file run.txt (compact mmCIF, C-alpha atoms)
# COMPACT_ATOMS: atom_id res chain seq x y z
CA MET A 181 71.78 143.51 45.24
CA GLY A 182 73.39 141.95 48.26
CA ASN A 183 72.41 142.77 51.80
CA ILE A 184 74.33 145.32 53.80
CA ASP A 185 75.10 143.64 57.06
CA SER A 186 78.61 144.42 58.21
CA LYS A 187 79.29 147.37 60.47
CA ARG A 188 82.28 148.31 58.34
CA LYS A 189 80.12 148.62 55.24
CA LEU A 190 77.55 150.69 57.11
CA MET A 191 80.29 152.96 58.46
CA MET A 192 81.59 153.30 54.90
CA PHE A 193 78.16 154.23 53.57
CA GLY A 194 77.88 156.87 56.31
CA GLY A 195 81.34 158.12 55.33
CA VAL A 196 80.25 158.40 51.69
CA LEU A 197 77.26 160.50 52.79
CA GLY A 198 79.70 162.65 54.78
CA VAL A 199 81.83 163.16 51.65
CA PHE A 200 78.78 164.38 49.72
CA GLY A 201 77.82 166.67 52.63
CA ALA A 202 81.35 168.08 52.84
CA LEU A 203 81.51 168.51 49.05
CA LEU A 204 78.26 170.50 49.02
CA ALA A 205 79.51 172.72 51.88
CA TRP A 206 82.84 173.21 50.08
CA MET A 207 81.09 174.08 46.81
CA GLY A 208 79.04 176.84 48.39
CA ASN A 209 76.24 175.59 50.65
CA PRO A 210 76.16 177.21 54.11
CA LYS A 211 79.05 175.58 55.96
CA ASN A 212 77.39 173.80 58.82
CA MET A 213 74.08 173.41 57.01
CA ALA A 214 75.61 171.48 54.08
CA ILE A 215 72.53 169.34 53.37
CA CYS A 216 69.97 170.07 56.10
CA ILE A 217 66.61 168.64 55.06
CA ALA A 218 64.46 170.97 57.19
CA CYS A 219 66.42 174.08 56.14
CA PHE A 220 66.29 173.13 52.46
CA ILE A 221 62.56 172.38 52.45
CA ARG A 222 62.08 175.73 54.24
CA ASP A 223 64.23 177.50 51.61
CA THR A 224 62.21 175.89 48.82
CA ALA A 225 58.92 176.92 50.47
CA GLY A 226 60.33 180.45 50.66
CA ALA A 227 61.37 180.43 47.01
CA MET A 228 57.77 179.54 46.15
CA LYS A 229 56.73 182.57 48.23
CA LEU A 230 54.84 180.51 50.76
CA HIS A 231 56.73 182.58 53.33
CA GLN A 232 58.47 185.92 52.98
CA ALA A 233 61.67 185.50 55.01
CA ALA A 234 64.03 187.09 52.47
CA ALA A 235 67.19 185.39 53.79
CA VAL A 236 65.89 181.84 53.28
CA GLN A 237 64.43 181.63 49.78
CA TYR A 238 66.01 179.31 47.22
CA VAL A 239 64.84 176.17 45.43
CA ARG A 240 67.35 173.66 46.77
CA PRO A 241 68.13 171.09 44.07
CA GLU A 242 69.25 168.69 46.81
CA ILE A 243 65.63 168.07 47.86
CA ALA A 244 64.52 167.05 44.34
CA GLY A 245 67.80 165.10 44.02
CA ILE A 246 67.28 163.07 47.20
CA VAL A 247 63.70 162.11 46.33
CA LEU A 248 64.63 161.41 42.70
CA GLY A 249 67.70 159.39 43.73
CA ALA A 250 65.59 157.13 45.94
CA PHE A 251 62.91 156.93 43.23
CA ILE A 252 65.32 155.91 40.46
CA LEU A 253 67.23 153.40 42.57
CA SER A 254 64.05 151.80 43.90
CA LEU A 255 62.79 151.37 40.32
CA VAL A 256 66.11 149.78 39.31
CA THR A 257 66.17 147.42 42.30
CA ARG A 258 62.41 146.74 41.97
CA GLU A 259 61.85 147.97 45.51
CA TYR A 260 59.45 150.69 44.33
CA ARG A 261 55.98 150.14 45.84
CA SER A 262 53.24 152.71 45.44
CA THR A 263 51.44 152.66 48.79
CA ALA A 264 49.11 154.90 50.79
CA GLY A 265 46.48 154.85 53.49
CA SER A 266 48.37 154.74 56.79
CA SER A 267 46.71 157.63 58.66
CA PRO A 268 47.81 160.32 56.18
CA MET A 269 46.51 163.34 58.09
CA ILE A 270 48.27 162.24 61.29
CA ARG A 271 51.42 161.96 59.19
CA PHE A 272 50.78 165.46 57.78
CA LEU A 273 50.57 166.77 61.33
CA LEU A 274 53.75 164.92 62.32
CA GLY A 275 55.47 166.60 59.35
CA VAL A 276 54.33 170.03 60.52
CA ILE A 277 55.53 169.25 64.06
CA MET A 278 58.92 167.99 62.85
CA MET A 279 59.41 171.29 61.01
CA ILE A 280 58.32 173.46 63.95
CA GLY A 281 60.69 171.56 66.26
CA SER A 282 63.52 171.70 63.72
CA LEU A 283 63.20 175.43 63.21
CA ALA A 284 63.10 176.00 66.98
CA PHE A 285 66.57 174.42 67.10
CA LEU A 286 67.53 175.59 63.59
CA GLY A 287 68.14 172.25 61.93
CA CYS A 288 66.80 168.76 61.36
CA PRO A 289 68.52 165.73 62.96
CA LEU A 290 70.90 165.61 59.98
CA ARG A 291 72.00 169.21 60.58
CA MET A 292 72.23 168.51 64.32
CA VAL A 293 74.95 165.95 63.53
CA ILE A 294 76.58 168.34 61.02
CA ARG A 295 76.64 171.07 63.68
CA MET A 296 78.05 168.62 66.24
CA ALA A 297 80.83 167.82 63.78
CA ALA A 298 81.60 171.55 63.57
CA GLY A 299 81.97 171.78 67.36
CA ASP A 300 78.66 173.58 67.96
CA LEU A 301 77.92 172.76 71.61
CA ASN A 302 74.30 173.88 71.20
CA ALA A 303 73.82 170.84 68.97
CA TYR A 304 75.12 168.56 71.73
CA VAL A 305 72.54 170.12 74.06
CA ALA A 306 69.86 169.52 71.42
CA LEU A 307 71.01 165.90 71.12
CA ILE A 308 69.81 165.36 74.71
CA GLY A 309 66.33 166.47 73.65
CA PHE A 310 66.43 164.41 70.47
CA GLY A 311 67.46 161.29 72.41
CA LEU A 312 64.70 161.82 74.98
CA GLY A 313 62.19 162.40 72.16
CA THR A 314 63.09 159.13 70.46
CA VAL A 315 62.86 157.33 73.84
CA THR A 316 59.36 158.77 74.35
CA GLY A 317 58.33 157.72 70.84
CA THR A 318 59.76 154.28 71.46
CA LEU A 319 57.70 153.97 74.66
CA ALA A 320 54.59 154.80 72.63
CA LEU A 321 55.51 152.04 70.15
CA LYS A 322 56.02 149.59 73.01
CA ARG A 323 52.54 150.46 74.26
CA GLY A 324 51.16 149.47 70.88
CA PHE A 325 51.07 152.78 69.01
CA SER A 326 50.50 152.28 65.28
CA LEU A 327 49.43 154.46 62.38
CA GLY A 328 47.95 151.39 60.70
CA ARG A 329 48.66 149.70 57.41
CA ALA A 330 49.50 151.23 54.06
CA TYR A 331 47.98 149.53 51.03
CA GLY A 332 48.97 149.24 47.40
CA THR A 333 47.69 152.03 45.19
CA ARG A 334 48.00 153.17 41.56
CA SER A 335 51.69 153.00 40.69
CA TYR A 336 51.73 156.59 39.42
CA SER A 337 50.57 157.92 42.80
CA GLY A 338 54.21 157.53 43.85
CA TYR A 339 55.47 159.32 40.72
CA ILE A 340 53.74 162.56 41.62
CA LEU A 341 56.04 164.00 44.32
CA PRO A 342 59.28 163.32 42.39
CA SER A 343 57.66 164.84 39.28
CA ILE A 344 56.44 167.97 41.10
CA LEU A 345 59.87 168.53 42.64
CA VAL A 346 61.52 168.25 39.21
CA VAL A 347 59.02 170.75 37.75
CA ILE A 348 59.70 173.19 40.61
CA LEU A 349 63.45 172.80 40.08
CA ILE A 350 63.21 173.36 36.31
CA ALA A 351 60.92 176.36 36.85
CA SER A 352 63.49 177.83 39.24
CA ILE A 353 66.22 177.51 36.61
CA VAL A 354 64.42 178.62 33.44
CA THR A 355 61.94 181.18 34.77
CA GLY A 356 62.14 184.07 37.18
CA ALA A 357 59.06 182.87 39.02
CA MET A 358 60.87 181.78 42.17
CA ALA A 359 62.29 184.09 44.83
CA VAL A 360 66.06 183.90 45.42
CA SER A 361 67.75 185.27 48.54
CA GLU A 362 70.32 187.98 47.89
CA LYS A 363 71.92 187.60 51.32
CA GLY A 364 71.72 185.17 54.22
CA PRO A 365 71.79 181.36 54.11
CA GLY A 366 69.48 181.21 51.07
CA SER A 367 72.07 183.08 49.00
CA MET A 368 74.77 180.50 49.77
CA HIS A 369 74.60 177.51 47.51
CA ALA A 370 76.64 175.17 45.39
CA PRO A 371 76.14 175.33 41.58
CA VAL A 372 72.78 173.83 40.59
CA LEU A 373 74.16 170.73 38.85
CA ILE A 374 76.52 169.96 41.74
CA SER A 375 73.63 170.34 44.22
CA LEU A 376 71.41 168.10 42.10
CA ALA A 377 74.12 165.47 41.66
CA GLY A 378 74.96 165.61 45.37
CA GLY A 379 71.29 165.20 46.25
CA LEU A 380 70.86 162.29 43.82
CA ALA A 381 73.89 160.51 45.27
CA PHE A 382 72.78 161.23 48.84
CA GLY A 383 69.31 159.87 48.05
CA MET A 384 70.61 156.73 46.39
CA VAL A 385 73.03 155.88 49.19
CA SER A 386 70.39 156.64 51.83
CA GLN A 387 67.84 154.49 50.05
CA ARG A 388 70.36 151.66 49.87
CA CYS A 389 71.45 151.70 53.51
CA ARG A 390 68.19 153.04 55.06
CA THR A 391 69.80 156.09 56.66
CA CYS A 392 67.56 157.40 59.43
CA PHE A 393 68.66 159.63 62.24
CA ALA A 394 65.61 158.91 64.42
CA GLY A 395 65.76 155.20 63.54
CA GLY A 396 69.36 155.06 64.77
CA PHE A 397 68.41 156.06 68.30
CA ARG A 398 65.09 154.18 68.21
CA ASP A 399 66.76 150.88 67.28
CA LEU A 400 69.36 151.42 69.99
CA PHE A 401 66.72 151.89 72.70
CA LEU A 402 64.32 149.31 71.34
CA MET A 403 66.57 146.46 70.25
CA ARG A 404 70.15 147.34 71.16
CA ASN A 405 70.79 147.44 67.43
CA TYR A 406 73.55 149.81 66.30
CA ASP A 407 73.23 149.44 62.51
CA LEU A 408 71.64 152.80 61.73
CA LEU A 409 73.74 154.61 64.35
CA THR A 410 76.86 153.21 62.67
CA ILE A 411 75.92 155.03 59.44
CA ILE A 412 75.51 158.27 61.40
CA GLY A 413 78.90 157.61 63.04
CA GLY A 414 80.57 157.35 59.63
CA PHE A 415 78.84 160.54 58.49
CA PHE A 416 79.92 162.38 61.66
CA VAL A 417 83.56 161.31 61.36
CA VAL A 418 83.91 162.51 57.76
CA MET A 419 82.20 165.83 58.48
CA LEU A 420 84.45 166.26 61.54
CA ILE A 421 87.57 165.65 59.46
CA TYR A 422 86.33 168.10 56.81
CA ASN A 423 85.64 170.78 59.42
CA MET A 424 89.02 170.25 61.09
CA ALA A 425 90.80 170.41 57.73
CA SER A 426 88.89 173.45 56.45
CA GLY A 427 89.18 175.43 59.67
CA GLY A 428 85.41 175.25 60.23
CA PHE A 429 85.70 173.47 63.59
CA LYS A 430 85.12 175.64 66.66
CA LEU A 431 84.15 174.11 69.99
CA SER A 432 81.81 176.69 71.52
CA PHE A 433 78.26 177.78 72.24
CA ASP A 434 78.63 181.21 70.68
CA GLY A 435 79.82 182.38 67.29
CA GLN A 436 78.28 179.39 65.52
CA PRO A 437 76.61 180.05 62.15
CA VAL A 438 72.79 179.99 62.13
CA ALA A 439 72.42 178.84 65.75
CA HIS A 440 71.28 180.11 69.14
CA SER A 441 71.97 179.19 72.75
CA GLN A 442 68.51 178.99 74.32
CA HIS A 443 69.30 175.57 75.77
CA LEU A 444 65.80 174.72 76.97
CA TRP A 445 64.29 175.43 73.55
CA ASN A 446 67.03 173.62 71.70
CA ILE A 447 66.24 170.60 73.87
CA LEU A 448 62.45 170.88 73.56
CA GLY A 449 62.57 171.59 69.81
CA MET A 450 64.59 168.48 69.09
CA TYR A 451 62.55 166.53 71.65
CA ALA A 452 59.49 167.20 69.47
CA VAL A 453 61.41 166.20 66.34
CA GLY A 454 62.68 162.92 67.82
CA PHE A 455 59.28 162.01 69.24
CA ALA A 456 57.42 162.87 66.00
CA ALA A 457 59.99 161.12 63.81
CA VAL A 458 59.65 157.84 65.71
CA LEU A 459 55.84 158.02 65.48
CA ALA A 460 56.09 158.79 61.73
CA GLY A 461 58.52 155.91 61.13
CA GLY A 462 61.48 158.10 60.18
CA CYS A 463 63.29 161.44 60.31
CA PRO A 464 62.79 164.10 57.59
CA LEU A 465 65.53 162.55 55.42
CA ARG A 466 63.97 159.10 55.71
CA GLN A 467 60.56 160.55 54.79
CA LEU A 468 62.05 161.90 51.55
CA ILE A 469 63.54 158.49 50.77
CA LEU A 470 60.30 156.62 51.53
CA ALA A 471 58.36 159.13 49.43
CA GLY A 472 60.82 158.51 46.59
CA GLN A 473 60.31 154.76 46.76
CA GLY A 474 56.55 155.14 46.42
CA SER A 475 55.04 155.93 49.82
CA SER A 476 52.29 158.53 49.36
CA ASP A 477 52.04 158.59 53.17
CA SER A 478 55.61 159.87 53.38
CA ALA A 479 54.85 162.30 50.55
CA VAL A 480 52.05 163.66 52.76
CA THR A 481 54.56 163.95 55.63
CA PHE A 482 56.76 165.94 53.23
CA LEU A 483 53.81 168.26 52.54
CA GLY A 484 53.46 168.67 56.30
CA LEU A 485 57.12 169.67 56.55
CA PHE A 486 56.59 172.11 53.68
CA VAL A 487 53.48 173.74 55.17
CA GLY A 488 55.10 173.70 58.61
CA ALA A 489 58.06 175.68 57.24
CA ALA A 490 55.77 178.33 55.78
CA CYS A 491 53.85 178.60 59.08
CA CYS A 492 57.09 178.90 61.06
CA HIS A 493 58.20 181.99 59.15
CA ASN A 494 54.77 183.51 58.59
CA PHE A 495 53.73 183.31 62.24
CA GLY A 496 57.06 183.81 64.01
CA PHE A 497 57.57 180.21 65.23
CA ALA A 498 61.10 179.91 63.83
CA ALA A 499 64.06 180.77 66.03
CA ALA A 500 66.30 183.69 65.16
CA ALA A 501 70.00 183.01 64.74
CA ALA A 502 72.33 184.65 67.25
CA ALA A 503 74.62 187.31 65.82
CA ALA A 504 77.52 189.33 67.15
CA ALA A 505 77.36 193.12 67.10
CA THR A 506 78.62 194.87 63.99
CA GLU A 507 79.29 198.54 63.22
CA SER A 508 75.75 198.94 61.92
CA SER A 509 73.76 196.56 64.12
CA PRO A 510 73.70 195.51 67.79
CA ALA A 511 74.29 191.93 68.95
CA VAL A 512 71.32 189.54 68.66
CA ALA A 513 70.89 186.82 71.29
CA GLY A 514 68.70 184.79 68.94
CA GLY A 515 66.30 182.01 69.88
CA LEU A 516 62.55 181.65 70.07
CA GLN A 517 60.00 184.38 70.77
CA GLY A 518 56.74 183.75 72.62
CA ALA A 519 54.85 182.37 69.61
CA GLY A 520 57.60 179.86 68.86
CA LYS A 521 57.75 178.70 72.48
CA ALA A 522 53.98 178.26 72.58
CA ALA A 523 54.08 176.34 69.28
CA VAL A 524 56.75 173.92 70.56
CA ILE A 525 54.80 173.26 73.80
CA LEU A 526 51.60 172.71 71.81
CA CYS A 527 53.43 170.33 69.44
CA ILE A 528 54.69 168.25 72.35
CA ALA A 529 51.18 168.10 73.85
CA VAL A 530 49.78 166.96 70.50
CA LEU A 531 52.48 164.28 70.23
CA PHE A 532 51.50 162.87 73.62
CA ALA A 533 47.86 162.85 72.52
CA ILE A 534 48.74 161.02 69.28
CA GLY A 535 51.17 158.58 70.87
CA PHE A 536 49.66 157.78 74.24
CA VAL A 537 45.91 158.35 74.29
CA PRO A 538 44.61 154.78 74.36
CA ARG A 539 42.43 153.61 71.53
CA LYS A 540 40.64 150.35 71.12
CA GLU A 541 39.97 150.59 67.40
CA GLN A 542 41.37 147.87 65.17
CA ILE A 543 43.33 149.26 62.19
CA MET B 275 49.17 125.50 61.59
CA MET B 276 52.18 127.82 61.76
CA TYR B 277 51.72 131.01 63.80
CA GLU B 278 51.48 133.96 61.40
CA VAL B 279 52.40 137.61 61.82
CA ASP B 280 50.86 139.81 59.14
CA ALA B 281 53.06 142.93 59.11
CA ARG B 282 52.24 144.00 55.55
CA GLY B 283 51.98 147.75 55.10
CA LEU B 284 53.16 148.61 58.62
CA SER B 285 55.83 151.27 59.25
CA CYS B 286 59.20 150.58 60.84
CA PRO B 287 59.79 149.25 63.43
CA GLU B 288 56.35 147.65 63.89
CA PRO B 289 57.11 144.51 61.84
CA VAL B 290 60.14 143.80 64.04
CA LEU B 291 58.18 144.50 67.25
CA LEU B 292 55.38 142.15 66.17
CA THR B 293 57.98 139.50 65.27
CA ALA B 294 59.68 139.93 68.65
CA ASN B 295 56.36 139.50 70.46
CA ALA B 296 55.49 136.44 68.37
CA LEU B 297 58.85 134.84 69.14
CA LYS B 298 58.20 135.44 72.86
CA THR B 299 54.78 133.83 72.78
CA HIS B 300 55.16 131.22 70.00
CA GLY B 301 58.94 130.92 69.69
CA SER B 302 59.01 127.21 70.37
CA GLY B 303 57.78 126.40 66.87
CA PRO B 304 58.43 128.09 63.53
CA ILE B 305 56.58 131.35 62.87
CA GLN B 306 55.68 132.94 59.56
CA VAL B 307 55.99 136.70 59.00
CA LEU B 308 54.44 138.47 56.01
CA VAL B 309 55.90 141.84 54.98
CA SER B 310 55.42 144.01 51.92
CA GLU B 311 58.65 145.97 51.55
CA ASN B 312 62.27 145.04 51.07
CA HIS B 313 63.56 147.11 53.98
CA THR B 314 61.08 145.62 56.45
CA LYS B 315 61.99 142.15 55.17
CA GLU B 316 65.64 142.93 55.89
CA ASN B 317 64.86 144.27 59.37
CA VAL B 318 62.84 141.18 60.30
CA ARG B 319 65.45 138.84 58.78
CA LYS B 320 68.27 140.48 60.72
CA TYR B 321 66.23 140.44 63.91
CA GLY B 322 65.51 136.73 63.54
CA ILE B 323 69.20 135.98 62.98
CA SER B 324 70.16 138.15 65.98
CA GLN B 325 67.89 135.94 68.09
CA GLY B 326 69.80 132.84 66.98
CA LYS B 327 67.05 131.65 64.62
CA LYS B 328 67.19 130.26 61.12
CA VAL B 329 65.39 132.58 58.70
CA THR B 330 64.12 131.56 55.27
CA VAL B 331 62.84 134.24 52.88
CA GLU B 332 60.43 133.62 50.00
CA GLN B 333 58.88 136.02 47.53
CA ASP B 334 55.12 136.23 48.11
CA GLY B 335 53.46 138.20 45.31
CA LEU B 336 54.90 141.70 45.57
CA GLY B 337 55.85 141.08 49.21
CA PHE B 338 57.82 138.52 51.19
CA ARG B 339 57.18 135.57 53.47
CA LEU B 340 59.76 134.86 56.18
CA ILE B 341 59.86 131.58 58.08
CA ILE B 342 61.67 131.96 61.40
CA GLU B 343 62.57 128.76 63.25
call {"tool": "encode", "arguments": {"input": "run.txt", "output": "C-alpha cells"}}
result
Amino acid sequence: MGNIDSKRKLMMFGGVLGVFGALLAWMGNPKNMAICIACFIRDTAGAMKLHQAAAVQYVRPEIAGIVLGAFILSLVTREYRSTAGSSPMIRFLLGVIMMIGSLAFLGCPLRMVIRMAAGDLNAYVALIGFGLGTVTGTLALKRGFSLGRAYGTRSYSGYILPSILVVILIASIVTGAMAVSEKGPGSMHAPVLISLAGGLAFGMVSQRCRTCFAGGFRDLFLMRNYDLLTIIGGFFVVMLIYNMASGGFKLSFDGQPVAHSQHLWNILGMYAVGFAAVLAGGCPLRQLILAGQGSSDSAVTFLGLFVGAACCHNFGFAAAAAAAATESSPAVAGGLQGAGKAAVILCIAVLFAIGFVPRKEQI
Amino acid sequence: MMYEVDARGLSCPEPVLLTANALKTHGSGPIQVLVSENHTKENVRKYGISQGKKVTVEQDGLGFRLIIE
C-alpha cells in the first residue's frame, strides 16, 4: 500500500472515522459517546460482571471490531508482528491509570473530541488538562524516558486478545451469561452487526492512518508535526456537522449527557490520561490497534484498562454524571467523590515516579 | 563506518527522537536507522525528509533499514 503523506488524505481519513462515529450514534449508541473506547471497555467489563454498575453493562461489539479490524488489515498488509517484553507491568499500570483518569472526566480522548463536537464546554476544559498531560509526558521522553524494547515472540501470542474478544462477543449473543443494562448508557446501542461492522471499519482505518489522540498533541509539541492532529481535525469536523444537523449540538456546561462540571477534576483526570498515554506510546484507541497488529505489550495495556474500569466502579473512583431534577428525583451535581479524587492524585504521583525518577539501568 | 541507530522494538516516538539526536550529533555524514515496524519506519522516513535529507529504505529481515543522508 502507498504511504499516507498528504494532509488532505489524513483529513479525509479522519472524516471517514467521523462518519463511522456519527453512524453508530445515529443507529443507537449514546449520542455523544458514539464510540468511546474507555466507556466501551468499561461497559464490557460490566457485562462480564467485573463491576456491578447496572447502567453500564453491555458487551460492546465495537471493541472486538476495532482490535479485529487492525488484526485482519495488519495480516493482509504483512505489518503484523507478534512482539512483547517492553515493561509489560508498567504498561498494565498505565492502562489502569488511563481508565481512572478517563472515568474521572467520563470519556477517553476520543470521547473528549466527540463531546467537544457536541458543544460540551466541559470537554474543552478537559482538553486543557489533556494538553498539559501530553506536554508533561513529552518532557519525560525528552529526558530519556523509555519502557525499553519489545522483542519478537510466538506469532500466536498476538492472536490471543482478538480471539478472546471474539469469544466474549459470541458468548454475549448466543448465551445469557453476560449482564445487559436495562436503562442508562449501557442500554443504548446500535444493532450488534452494525456495531461490529463500525468497529471493524474504525479499526482498519485507524490502523492504516495511525490514529492517536495523544500522539497528535505529542507530535505537535515534540516535532511541530501536525499529521496526527489533522486526522483528529477531520473527525471533529464530521462529528460537528452531524451534531449540528441532528440537533445534538448545544454549547453549554450543563445539560450535557453523561458529563459533569467539576472543572478541576475534568482537567486533572484528562491530565493523567494524556501523561499516561504518551508514556505508553498511545491513547486507548491506539493501544487497541497496536494490540490488534500483534503487540502483547499493548494487549497488557488493554487488560490494565479493563481492570481499571472494574476498580473504578467497584471502589467509587468513577465520576457520577450530572442530572437535572425530575418529578421523582432531585438534581445531581455529578463529579468525583473523595475516593475518585484521591485515586486521580495518586495516579498523577505514580506517573511522575514512572516518567521522571532517574534510572541508570540500560534496557 | 556509518553511524547506526538501533531503534528496533522501541515505542513511538522514541525511534524519531533517537534519529533526531543522531542527526544533531552525526548529521554531517549518512546515518543508518534500524526499525522493526512499518509505522516506525514511516515516522522516521517522514522525519528525515522533513529535515531536508534523502532517505532510502531497505527491508532488513522482518524489519527495515533506513539510510538518511
call {"tool": "closest_residue", "arguments": {"input": "run.txt", "among": "A:Cys491, A:Val512, A:Leu349, A:Ile421", "to": "Met279 (chain A)", "atoms": "only C-alpha atoms"}}
result
A:Cys491
call {"tool": "residues_around", "arguments": {"input": "run.txt", "residues": "Tyr321 (chain B)", "least_positions_apart": "4", "cutoff": "8 Å", "atoms": "all atoms listed in the file", "output": "JSON, numbers by chain"}}
result
{"B": [290, 317, 325]}
call {"tool": "atom_distance", "arguments": {"input": "run.txt", "atom1": "CA of Tyr260 (chain A)", "atom2": "CA of Gly195 (chain A)"}}
result
25.6 Å
call {"tool": "atom_distance", "arguments": {"input": "run.txt", "atom1": "CA of Pro538 (chain A)", "atom2": "CA of Ala281 (chain B)"}}
result
21.1 Å
call {"tool": "interface_residues", "arguments": {"input": "run.txt", "of": "chain A", "to": "chain B", "cutoff": "6 Å", "atoms": "all atoms listed in the file", "output": "PDB file with C-alpha atoms, keeping the file's coordinate frame"}}
result
ATOM      1  CA  ARG A 329      48.660 149.700  57.410  1.00  0.00           C
ATOM      2  CA  ALA A 330      49.500 151.230  54.060  1.00  0.00           C
ATOM      3  CA  TYR A 331      47.980 149.530  51.030  1.00  0.00           C
ATOM      4  CA  GLY A 461      58.520 155.910  61.130  1.00  0.00           C
TER       5      GLY A 461
END
call {"tool": "atom_distance", "arguments": {"input": "run.txt", "atom1": "CA of Ser254 (chain A)", "atom2": "CA of Tyr336 (chain A)"}}
result
14.0 Å
call {"tool": "closest_residue", "arguments": {"input": "run.txt", "among": "A:Pro289, A:Gly496, A:Gly366, A:Gly275", "to": "Ala306 (chain A)", "atoms": "all atoms listed in the file"}}
result
A:Pro289
call {"tool": "residues_around", "arguments": {"input": "run.txt", "residues": "Arg295 (chain A)", "least_positions_apart": "5", "cutoff": "7 Å", "atoms": "all atoms listed in the file", "output": "number ranges by chain"}}
result
A: 212, 300, 303
call {"tool": "write_last_selection", "arguments": {"input": "run.txt", "atoms": "C-alpha atoms", "output": "PDB file, keeping the file's coordinate frame"}}
result
ATOM      1  CA  ASN A 212      77.390 173.800  58.820  1.00  0.00           C
ATOM      2  CA  ASP A 300      78.660 173.580  67.960  1.00  0.00           C
ATOM      3  CA  ALA A 303      73.820 170.840  68.970  1.00  0.00           C
TER       4      ALA A 303
END
call {"tool": "closest_residue", "arguments": {"input": "run.txt", "among": "A:Ile411, A:Val418, A:Ala214, A:Val360", "to": "Arg388 (chain A)", "atoms": "all atoms listed in the file"}}
result
A:Ile411
call {"tool": "residues_around", "arguments": {"input": "run.txt", "residues": "region 424-440 of chain A", "least_positions_apart": "4", "cutoff": "7 Å", "atoms": "all atoms listed in the file", "output": "list in words"}}
result
Leu286, Ala298, Gly299, Asp300, Leu301, Asn302, Leu420, Ala501, Ala502, Gly514 and Gly515 of chain A
call {"tool": "closest_residue", "arguments": {"input": "run.txt", "among": "B:Pro304, B:Thr293, B:Thr314, B:Val309", "to": "Lys328 (chain B)", "atoms": "all atoms listed in the file"}}
result
B:Pro304
call {"tool": "residues_around", "arguments": {"input": "run.txt", "residues": "Ala523 (chain A)", "least_positions_apart": "3", "cutoff": "12 Å", "atoms": "all atoms listed in the file", "output": "PDB file with C-alpha atoms, keeping the file's coordinate frame"}}
result
ATOM      1  CA  VAL A 276      54.330 170.030  60.520  1.00  0.00           C
ATOM      2  CA  ILE A 277      55.530 169.250  64.060  1.00  0.00           C
ATOM      3  CA  MET A 278      58.920 167.990  62.850  1.00  0.00           C
ATOM      4  CA  MET A 279      59.410 171.290  61.010  1.00  0.00           C
ATOM      5  CA  ILE A 280      58.320 173.460  63.950  1.00  0.00           C
ATOM      6  CA  GLY A 281      60.690 171.560  66.260  1.00  0.00           C
ATOM      7  CA  SER A 282      63.520 171.700  63.720  1.00  0.00           C
ATOM      8  CA  LEU A 283      63.200 175.430  63.210  1.00  0.00           C
ATOM      9  CA  ALA A 284      63.100 176.000  66.980  1.00  0.00           C
ATOM     10  CA  TRP A 445      64.290 175.430  73.550  1.00  0.00           C
ATOM     11  CA  LEU A 448      62.450 170.880  73.560  1.00  0.00           C
ATOM     12  CA  GLY A 449      62.570 171.590  69.810  1.00  0.00           C
ATOM     13  CA  ALA A 452      59.490 167.200  69.470  1.00  0.00           C
ATOM     14  CA  GLY A 488      55.100 173.700  58.610  1.00  0.00           C
ATOM     15  CA  CYS A 491      53.850 178.600  59.080  1.00  0.00           C
ATOM     16  CA  CYS A 492      57.090 178.900  61.060  1.00  0.00           C
ATOM     17  CA  PHE A 495      53.730 183.310  62.240  1.00  0.00           C
ATOM     18  CA  GLY A 496      57.060 183.810  64.010  1.00  0.00           C
ATOM     19  CA  PHE A 497      57.570 180.210  65.230  1.00  0.00           C
ATOM     20  CA  ALA A 498      61.100 179.910  63.830  1.00  0.00           C
ATOM     21  CA  ALA A 499      64.060 180.770  66.030  1.00  0.00           C
ATOM     22  CA  LEU A 516      62.550 181.650  70.070  1.00  0.00           C
ATOM     23  CA  GLN A 517      60.000 184.380  70.770  1.00  0.00           C
ATOM     24  CA  GLY A 518      56.740 183.750  72.620  1.00  0.00           C
ATOM     25  CA  ALA A 519      54.850 182.370  69.610  1.00  0.00           C
ATOM     26  CA  GLY A 520      57.600 179.860  68.860  1.00  0.00           C
ATOM     27  CA  LEU A 526      51.600 172.710  71.810  1.00  0.00           C
ATOM     28  CA  CYS A 527      53.430 170.330  69.440  1.00  0.00           C
ATOM     29  CA  ILE A 528      54.690 168.250  72.350  1.00  0.00           C
ATOM     30  CA  ALA A 529      51.180 168.100  73.850  1.00  0.00           C
ATOM     31  CA  VAL A 530      49.780 166.960  70.500  1.00  0.00           C
TER      32      VAL A 530
END
call {"tool": "residues_around", "arguments": {"input": "run.txt", "residues": "region 405-408 of chain A", "least_positions_apart": "5", "cutoff": "6 Å", "atoms": "all atoms listed in the file", "output": "MDAnalysis selection string"}}
result
chainID A and resid 396 399:400
call {"tool": "write_last_selection", "arguments": {"input": "run.txt", "atoms": "C-alpha atoms", "output": "tab-separated table (two decimals), in the coordinates of the input"}}
result
chain	number	residue	atom	x	y	z
A	396	GLY	CA	69.36	155.06	64.77
A	399	ASP	CA	66.76	150.88	67.28
A	400	LEU	CA	69.36	151.42	69.99
call {"tool": "closest_residue", "arguments": {"input": "run.txt", "among": "A:Leu253, A:Thr263, A:Phe455, A:Gly462", "to": "Ser335 (chain A)", "atoms": "only C-alpha atoms"}}
result
A:Thr263
call {"tool": "residues_near_point", "arguments": {"input": "run.txt", "point": "(58.6, 178.9, 52.2)", "cutoff": "7 Å", "atoms": "all atoms listed in the file", "output": "list in words"}}
result
Arg222, Asp223, Thr224, Ala225, Gly226, Ala227, Met228, Lys229, Leu230, His231, Gln237, Ala489 and Ala490 of chain A
call {"tool": "axis_aligned_box", "arguments": {"input": "run.txt", "around": "region 441-455 of chain A", "padding_each_side": "3 Å", "output": "JSON"}}
result
{"center_x": 65.6, "center_y": 170.6, "center_z": 71.7, "size_x": 18.7, "size_y": 23.2, "size_z": 16.6}
